[in-house]
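Engineer: I am sharing target16.cif, which consists of mmCIF, C-alpha atoms:
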data_protein
loop_
_atom_site.label_atom_id
_atom_site.label_comp_id
_atom_site.auth_asym_id
_atom_site.auth_seq_id
_atom_site.Cartn_x
_atom_site.Cartn_y
_atom_site.Cartn_z
CA MET A 13 -61.52 134.14 312.99
CA PHE A 14 -58.44 134.33 310.78
CA ARG A 15 -58.81 130.95 309.03
CA TYR A 16 -62.49 130.27 308.44
CA ILE A 17 -64.25 133.66 308.25
CA PRO A 18 -62.06 134.78 305.29
CA LEU A 19 -63.13 131.63 303.41
CA GLY A 20 -66.28 133.58 302.52
CA GLY A 21 -64.13 135.35 299.95
CA ILE A 22 -64.06 132.14 297.89
CA THR A 23 -67.35 133.28 296.35
CA ILE A 24 -65.31 135.80 294.33
CA ALA A 25 -64.16 132.86 292.17
CA PHE A 26 -67.77 132.40 291.01
CA GLN A 27 -68.44 136.08 290.33
CA ASP A 28 -67.32 138.84 287.99
CA TYR A 29 -66.04 140.62 291.06
CA MET A 30 -66.09 144.41 290.98
CA ILE A 31 -64.26 146.08 293.79
CA PHE A 32 -66.76 148.96 294.11
CA LYS A 33 -69.79 146.64 294.17
CA GLY A 34 -68.27 144.18 296.63
CA ILE A 35 -69.00 140.49 297.11
CA LEU A 36 -72.72 140.94 297.74
CA ASN A 37 -73.51 142.93 294.59
CA SER A 38 -71.06 141.53 292.03
CA PRO A 39 -72.76 139.39 289.32
CA PHE A 40 -72.66 135.60 289.73
CA VAL A 41 -71.13 133.77 286.73
CA GLY A 42 -70.77 130.19 287.98
CA PHE A 43 -67.74 128.28 286.70
CA LYS A 44 -66.85 130.81 284.00
CA HIS A 45 -63.42 131.61 285.45
CA PHE A 46 -62.56 127.94 285.96
CA GLU A 47 -63.43 127.19 282.33
CA SER A 48 -61.27 130.08 281.18
CA LEU A 49 -58.50 128.92 283.49
CA PHE A 50 -58.33 125.38 282.11
CA SER A 51 -58.53 126.57 278.51
CA TYR A 52 -55.65 129.02 278.95
CA ALA A 53 -52.43 127.46 277.58
CA GLN A 54 -50.13 129.54 279.79
CA PHE A 55 -51.83 128.24 282.94
CA TRP A 56 -50.76 124.65 282.19
CA ARG A 57 -47.16 125.79 281.79
CA VAL A 58 -47.39 127.59 285.13
CA LEU A 59 -49.00 124.55 286.80
CA LYS A 60 -46.31 122.27 285.39
CA ASN A 61 -43.52 124.51 286.69
CA THR A 62 -45.16 124.70 290.12
CA ALA A 63 -45.60 120.92 290.34
CA ILE A 64 -42.01 120.23 289.26
CA ILE A 65 -40.46 122.72 291.69
CA GLY A 66 -42.76 121.51 294.50
CA LEU A 67 -41.71 117.91 293.81
CA TYR A 68 -38.04 118.94 293.82
CA ASN A 69 -38.56 120.58 297.22
CA ILE A 70 -39.98 117.36 298.66
CA VAL A 71 -37.35 115.10 297.11
CA PHE A 72 -34.23 117.24 297.63
CA VAL A 73 -34.97 119.92 300.27
CA PHE A 74 -37.17 118.01 302.72
CA PRO A 75 -34.62 115.24 303.59
CA VAL A 76 -31.79 117.69 304.39
CA PRO A 77 -33.08 118.76 307.87
CA ILE A 78 -33.49 115.05 308.76
CA PHE A 79 -29.87 114.38 307.82
CA LEU A 80 -28.67 117.46 309.73
CA ALA A 81 -30.72 116.56 312.82
CA LEU A 82 -29.17 113.08 312.89
CA LEU A 83 -25.68 114.59 312.60
CA PHE A 84 -26.35 117.24 315.27
CA ASN A 85 -27.57 114.51 317.61
CA GLU A 86 -24.22 112.75 317.32
CA ILE A 87 -22.22 115.78 318.48
CA ARG A 88 -21.31 115.29 322.12
CA ASN A 89 -19.54 118.62 322.72
CA LEU A 90 -22.50 120.80 323.78
CA ALA A 91 -20.82 124.18 323.11
CA TYR A 92 -19.72 123.11 319.62
CA LYS A 93 -23.16 121.65 318.92
CA ARG A 94 -25.00 124.86 319.87
CA THR A 95 -22.55 127.03 317.92
CA LEU A 96 -22.99 124.88 314.82
CA GLN A 97 -26.77 124.88 315.16
CA THR A 98 -26.81 128.68 315.47
CA ILE A 99 -24.71 129.02 312.31
CA TYR A 100 -27.21 126.86 310.42
CA TYR A 101 -30.23 128.71 311.92
CA VAL A 102 -29.06 132.23 311.03
CA PRO A 103 -29.98 132.24 307.28
CA HIS A 104 -33.64 131.63 308.22
CA PHE A 105 -33.82 135.11 309.73
CA PHE A 106 -32.68 136.82 306.53
CA SER A 107 -35.40 137.80 304.08
CA TRP A 108 -35.49 136.31 300.61
CA VAL A 109 -34.55 139.74 299.28
CA ILE A 110 -31.19 139.48 301.07
CA ILE A 111 -30.66 135.81 300.19
CA SER A 112 -31.53 136.48 296.56
CA ALA A 113 -29.22 139.50 296.38
CA LEU A 114 -26.35 137.43 297.78
CA THR A 115 -27.12 134.63 295.32
CA VAL A 116 -27.12 137.03 292.37
CA GLN A 117 -23.77 138.45 293.51
CA PHE A 118 -22.23 135.00 293.94
CA LEU A 119 -23.41 133.86 290.49
CA SER A 120 -22.83 137.07 288.51
CA LEU A 121 -20.15 137.28 285.82
CA SER A 122 -17.79 138.90 288.33
CA GLY A 123 -19.01 136.82 291.28
CA VAL A 124 -17.21 134.19 293.31
CA VAL A 125 -18.37 131.18 291.28
CA ASN A 126 -17.40 132.60 287.89
CA SER A 127 -14.13 133.97 289.29
CA VAL A 128 -13.21 130.43 290.36
CA ARG A 129 -14.24 129.09 286.94
CA LYS A 130 -12.01 131.64 285.20
CA TRP A 131 -9.14 130.80 287.57
CA ILE A 132 -9.26 127.11 286.59
CA GLY A 133 -9.56 127.94 282.90
CA LEU A 134 -13.32 127.62 282.34
CA GLU A 135 -15.64 130.14 280.72
CA ALA A 136 -17.95 132.31 282.82
CA LEU A 137 -21.62 131.34 282.75
CA LEU A 138 -24.79 133.40 283.02
CA PHE A 139 -26.30 131.30 285.80
CA MET A 140 -29.19 133.62 286.64
CA GLN A 141 -30.22 133.96 282.99
CA SER A 142 -30.05 130.25 282.18
CA GLU A 143 -33.12 127.99 282.23
CA ALA A 144 -30.88 124.98 282.89
CA TYR A 145 -29.67 126.31 286.26
CA PHE A 146 -32.73 128.15 287.59
CA ARG A 147 -34.44 125.24 289.38
CA LEU A 148 -31.11 124.05 290.78
CA ILE A 149 -30.54 127.55 292.19
CA LEU A 150 -34.00 127.46 293.80
CA ILE A 151 -33.26 124.13 295.49
CA LEU A 152 -29.81 125.18 296.74
CA THR A 153 -31.03 128.52 298.12
CA SER A 154 -33.96 126.78 299.85
CA ILE A 155 -31.53 124.40 301.55
CA TRP A 156 -29.21 127.27 302.45
CA LYS A 157 -31.97 129.32 304.05
CA GLU A 158 -34.28 126.77 305.68
CA ALA A 159 -32.41 123.50 306.30
CA GLY A 160 -31.02 124.52 309.69
CA TRP A 161 -34.35 125.90 310.90
CA GLY A 162 -36.10 122.70 309.83
CA THR A 163 -34.05 120.68 312.31
CA ILE A 164 -35.71 122.26 315.38
CA ILE A 165 -38.78 120.01 315.50
CA LEU A 166 -36.73 116.95 314.58
CA LEU A 167 -34.16 117.57 317.33
CA ALA A 168 -37.01 118.02 319.82
CA ALA A 169 -38.42 114.65 318.73
CA ILE A 170 -35.01 113.02 319.06
CA SER A 171 -34.52 114.46 322.56
CA SER A 172 -37.77 112.77 323.68
CA ILE A 173 -36.42 109.28 322.88
CA ASN A 174 -35.85 107.25 326.06
CA PRO A 175 -32.07 107.14 326.79
CA GLU A 176 -32.49 103.63 328.19
CA ILE A 177 -33.04 102.36 324.64
CA TYR A 178 -29.59 103.61 323.66
CA GLU A 179 -28.07 102.15 326.82
CA ALA A 180 -29.55 98.75 326.02
CA ALA A 181 -28.22 98.98 322.46
CA MET A 182 -24.74 99.89 323.73
CA ALA A 183 -24.85 96.94 326.11
CA ASP A 184 -25.55 94.72 323.11
CA GLY A 185 -22.53 96.18 321.31
CA ALA A 186 -24.34 98.45 318.82
CA SER A 187 -22.12 101.11 317.26
CA ARG A 188 -23.12 104.78 317.03
CA LEU A 189 -23.99 104.30 313.37
CA ARG A 190 -26.12 101.26 314.16
CA GLN A 191 -27.93 103.18 316.92
CA MET A 192 -28.66 105.99 314.47
CA PHE A 193 -30.27 103.70 311.89
CA SER A 194 -31.87 101.19 314.27
CA ILE A 195 -33.12 103.50 317.03
CA THR A 196 -33.04 107.22 316.24
CA LEU A 197 -34.31 107.11 312.65
CA PRO A 198 -37.18 104.62 313.20
CA LEU A 199 -38.42 106.48 316.31
CA LEU A 200 -38.14 109.75 314.41
CA MET A 201 -40.31 108.51 311.54
CA PRO A 202 -43.73 109.51 313.02
CA THR A 203 -42.57 113.13 313.21
CA VAL A 204 -41.05 112.90 309.73
CA VAL A 205 -44.32 111.59 308.30
CA VAL A 206 -46.33 114.45 309.85
CA LEU A 207 -43.88 117.01 308.42
CA LEU A 208 -43.99 115.24 305.06
CA LEU A 209 -47.79 115.44 305.00
CA LEU A 210 -47.64 119.17 305.71
CA ASN A 211 -45.11 119.62 302.90
CA ILE A 212 -47.21 117.59 300.47
CA GLY A 213 -50.23 119.76 301.28
CA ASN A 214 -48.19 122.81 300.29
CA VAL A 215 -46.60 121.25 297.21
CA LEU A 216 -48.23 123.87 294.96
CA ASP A 217 -47.75 126.69 297.46
CA LEU A 218 -44.19 127.78 296.80
CA SER A 219 -42.28 130.71 298.25
CA PHE A 220 -43.34 133.72 296.18
CA ASP A 221 -40.60 135.91 297.68
CA GLN A 222 -37.88 133.46 296.68
CA ILE A 223 -39.01 132.87 293.11
CA TYR A 224 -40.01 136.48 292.39
CA ASN A 225 -36.62 137.80 293.51
CA LEU A 226 -34.65 135.19 291.54
CA LEU A 227 -36.82 135.13 288.41
CA THR A 228 -35.57 136.83 285.25
CA PRO A 229 -37.30 137.27 281.86
CA MET A 230 -35.03 134.56 280.41
CA THR A 231 -36.09 131.98 283.03
CA TYR A 232 -39.86 132.52 282.81
CA PRO A 233 -40.42 129.28 280.83
CA VAL A 234 -39.14 127.18 283.77
CA GLY A 235 -39.62 129.53 286.73
CA ASP A 236 -43.02 131.15 286.30
CA VAL A 237 -45.24 129.47 288.92
CA ILE A 238 -48.79 129.88 290.23
CA ASP A 239 -47.81 132.47 292.84
CA THR A 240 -45.98 134.73 290.38
CA TYR A 241 -48.79 134.28 287.87
CA VAL A 242 -51.39 135.26 290.48
CA TYR A 243 -49.34 138.33 291.39
CA ARG A 244 -49.07 139.37 287.75
CA VAL A 245 -52.71 138.75 286.83
CA GLY A 246 -54.45 139.40 290.16
CA ILE A 247 -52.49 142.24 291.73
CA ILE A 248 -51.09 144.08 288.72
CA GLN A 249 -53.94 143.51 286.26
CA GLY A 250 -56.70 143.46 288.90
CA GLN A 251 -58.37 140.20 287.77
CA TYR A 252 -59.45 139.20 291.26
CA SER A 253 -62.04 136.58 290.27
CA ALA A 254 -59.66 134.71 287.96
CA THR A 255 -56.87 134.59 290.52
CA THR A 256 -59.25 133.55 293.31
CA ALA A 257 -60.29 130.64 291.08
CA ILE A 258 -56.62 129.70 290.71
CA GLY A 259 -56.10 129.91 294.47
CA LEU A 260 -59.16 127.72 295.12
CA PHE A 261 -57.93 125.15 292.61
CA GLN A 262 -54.50 125.21 294.25
CA SER A 263 -56.01 124.66 297.71
CA LEU A 264 -58.23 121.79 296.54
CA ILE A 265 -55.24 119.98 295.03
CA GLY A 266 -53.37 120.39 298.33
CA LEU A 267 -56.35 119.10 300.31
CA ILE A 268 -56.72 116.03 298.07
CA LEU A 269 -53.01 115.22 298.36
CA VAL A 270 -53.02 115.54 302.16
CA VAL A 271 -56.11 113.35 302.57
CA PHE A 272 -54.73 110.70 300.20
CA PHE A 273 -51.24 110.49 301.70
CA ASN A 274 -52.59 110.71 305.25
CA SER A 275 -54.85 107.70 304.63
CA LEU A 276 -51.90 105.91 303.03
CA ALA A 277 -49.69 106.65 306.03
CA ARG A 278 -52.38 105.44 308.45
CA ARG A 279 -52.79 102.19 306.54
CA TYR A 280 -49.06 101.48 306.57
CA GLN A 281 -48.85 102.41 310.23
CA GLU A 282 -51.60 99.94 311.13
CA GLU A 283 -49.83 97.24 309.12
CA GLY A 284 -46.54 98.06 310.85
CA GLY A 285 -44.84 98.77 307.55
CA LEU A 286 -44.01 102.43 308.03
CA TRP A 287 -42.21 102.50 311.42
#
Translate this file's structure into structure tokens.

Structural biologist:
Amino acid sequence: MFRYIPLGGITIAFQDYMIFKGILNSPFVGFKHFESLFSYAQFWRVLKNTAIIGLYNIVFVFPVPIFLALLFNEIRNLAYKRTLQTIYYVPHFFSWVIISALTVQFLSLSGVVNSVRKWIGLEALLFMQSEAYFRLILILTSIWKEAGWGTIILLAAISSINPEIYEAAMADGASRLRQMFSITLPLLMPTVVVLLLLNIGNVLDLSFDQIYNLLTPMTYPVGDVIDTYVYRVGIIQGQYSATTAIGLFQSLIGLILVVFFNSLARRYQEEGGLW
């Protein structure tokens, strides 16, 4: 009901949609909006920014929950482990508005970071207005907010590993570090691959709330992505057909990536080369 019935709205991408005429009575124009989309220079800049930030999320943000889950699993004091997990989970429950406001305060000219820089004799920097730091700020805030929450599924997968495997490894003299890399990580890989496939499918679907709240006019060249572009053109300017075409293109790219990497993962799994 909520996933497939709304797909009928895709037809808007092939129409000059008029809100008062509706989907049934709006004129059909074929691939007009797709042609306009691919001939629009600004769209390629937006697509490039989206792809780069999405790739950064996979390369730098995605591995952090795996690392944290492995570390949490090594904590034997249950009370300390739960307390630490809770501390890491908490940022997930704050909205991006709050996280962004805190980030802006930390990185402002009078914020903590610049205060420390001044204290050690360095000049204050305009972090939020600098293109060089914007993508780094996105990555760090993503880790801050979501890394702890991302460990939940991984810890559940680790808890399902048969304890007898660890006992056998200990009997053979394997250290804790050796058990982590020879038992926990390999048996965790199927879950990691599934999560990776889901992340690859959403590589062009970034967090609008995060980017919109951190974006400034000076960082548009490196921070303007598909979601902010769709908001600007589709919501503010009311170009529903054009933005639906962008959304359809975005979804097709995600579908192609998931199918490709899923087939690649299956092939490696059958050959025994993945885990």

Engineer: Dig up all the protein and nucleic acid residues within 12 Å of (-28.7, 128.9, 302.4) in the file frame, using only C-alpha atoms, and format them as a VMD selection string.

Structural biologist: chain A and resid 73 76 99 to 108 110 to 112 114 to 115 149 to 161 222

Engineer: Could you tell me how far atom CA of A:Pro75 sits from atom CA of A:Gln141, in Å to one decimal place?

Structural biologist: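 One can read the atom CA of A:Gln141 to atom CA of A:Pro75 distance as 28.2 Å.
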
Engineer: So which residues get picked by the PyMOL selection byres ((chain A and resi 41) around 12) here, written as a list in words?

Structural biologist: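 Applying the PyMOL selection byres ((chain A and resi 41) around 12) to the structure shown produces Thr23, Ile24, Ala25, Phe26, Gln27, Asp28, Tyr29, Ser38, Pro39, Phe40, Gly42, Phe43, Lys44, His45, Phe46, Glu47, Ser48, Ser253 and Ala254 of chain A.
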
Engineer: What is the atom CA of A:Thr256 to atom CA of A:Ile31 distance in Å?

Structural biologist: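 Atom-to-atom, atom CA of A:Thr256 to atom CA of A:Ile31, that is 13.5 Å.
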
Engineer: Kindly resolve the PyMOL selection byres ((chain A and resi 180-194) around 12) on the present coordinates and return the residues as a VMD selection string.

Structural biologist: chain A and resid 78 to 79 81 to 88 170 173 to 179 195 to 201 287

Engineer: Using the chain letters and residue numbers of this document, give as number ranges by chain the residues selected by the PyMOL selection byres ((chain A and resi 234-239) around 9).

Structural biologist: A: 55, 57-63, 65, 143-144, 146-147, 216-220, 223-224, 226-228, 231-233, 240-244, 258-259, 262

Engineer: Given the selection you just returned, output its residues as a file containing C-alpha atoms, formatted as a JSON list (two decimals), keeping the file's coordinate frame.

Structural biologist:
[["chain", "number", "residue", "atom", "x", "y", "z"],
["A", 55, "PHE", "CA", -51.83, 128.24, 282.94],
["A", 57, "ARG", "CA", -47.16, 125.79, 281.79],
["A", 58, "VAL", "CA", -47.39, 127.59, 285.13],
["A", 59, "LEU", "CA", -49.00, 124.55, 286.80],
["A", 60, "LYS", "CA", -46.31, 122.27, 285.39],
["A", 61, "ASN", "CA", -43.52, 124.51, 286.69],
["A", 62, "THR", "CA", -45.16, 124.70, 290.12],
["A", 63, "ALA", "CA", -45.60, 120.92, 290.34],
["A", 65, "ILE", "CA", -40.46, 122.72, 291.69],
["A", 143, "GLU", "CA", -33.12, 127.99, 282.23],
["A", 144, "ALA", "CA", -30.88, 124.98, 282.89],
["A", 146, "PHE", "CA", -32.73, 128.15, 287.59],
["A", 147, "ARG", "CA", -34.44, 125.24, 289.38],
["A", 216, "LEU", "CA", -48.23, 123.87, 294.96],
["A", 217, "ASP", "CA", -47.75, 126.69, 297.46],
["A", 218, "LEU", "CA", -44.19, 127.78, 296.80],
["A", 219, "SER", "CA", -42.28, 130.71, 298.25],
["A", 220, "PHE", "CA", -43.34, 133.72, 296.18],
["A", 223, "ILE", "CA", -39.01, 132.87, 293.11],
["A", 224, "TYR", "CA", -40.01, 136.48, 292.39],
["A", 226, "LEU", "CA", -34.65, 135.19, 291.54],
["A", 227, "LEU", "CA", -36.82, 135.13, 288.41],
["A", 228, "THR", "CA", -35.57, 136.83, 285.25],
["A", 231, "THR", "CA", -36.09, 131.98, 283.03],
["A", 232, "TYR", "CA", -39.86, 132.52, 282.81],
["A", 233, "PRO", "CA", -40.42, 129.28, 280.83],
["A", 240, "THR", "CA", -45.98, 134.73, 290.38],
["A", 241, "TYR", "CA", -48.79, 134.28, 287.87],
["A", 242, "VAL", "CA", -51.39, 135.26, 290.48],
["A", 243, "TYR", "CA", -49.34, 138.33, 291.39],
["A", 244, "ARG", "CA", -49.07, 139.37, 287.75],
["A", 258, "ILE", "CA", -56.62, 129.70, 290.71],
["A", 259, "GLY", "CA", -56.10, 129.91, 294.47],
["A", 262, "GLN", "CA", -54.50, 125.21, 294.25]]

Engineer: Which residue out of A:Leu260, A:Met13, A:Ile268, A:Ile164 has the minimum interatomic distance to A:Arg94 when only C-alpha atoms are used?

Structural biologist: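 Once distances to A:Arg94 are computed over only C-alpha atoms, the minimum belongs to A:Ile164.
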
Engineer: For a test of reading the model, state the distance in Å between atom CA of A:Leu210 and atom CA of A:Tyr16, rounded to one decimal.

Structural biologist: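 Distance between the two atoms: 18.7 Å.
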
Engineer: Contacts of A:Ser127 at 8 Å or less, counting only C-alpha atoms, minus same-chain residues fewer than 5 places along, as a list in words?

Structural biologist: Leu121, Ser122 and Ala136 of chain A

Engineer: Calculated over all atoms listed in the file, which of the candidates A:Asn211, A:Leu276, A:Asp221, A:Ile132 has the smallest distance to A:Tyr68?

Structural biologist: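 The answer is A:Asn211, which sits nearest to A:Tyr68.
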
Engineer: Under the rule that all atoms listed in the file are counted, which of A:Leu148, A:Gly66, A:Gly162, A:Met30 is the nearest residue to A:Gly266?

Structural biologist: A:Gly66

Engineer: Taking all atoms of stretch 204-215 of chain A that the file lists and extending 3 Å past them on each side, where is the centre of the axis-aligned box and how long are its edges? Answer in Å to one decimal, as JSON.

Structural biologist:
{"center_x": -45.6, "center_y": 117.2, "center_z": 303.5, "size_x": 15.2, "size_y": 17.2, "size_z": 18.6}
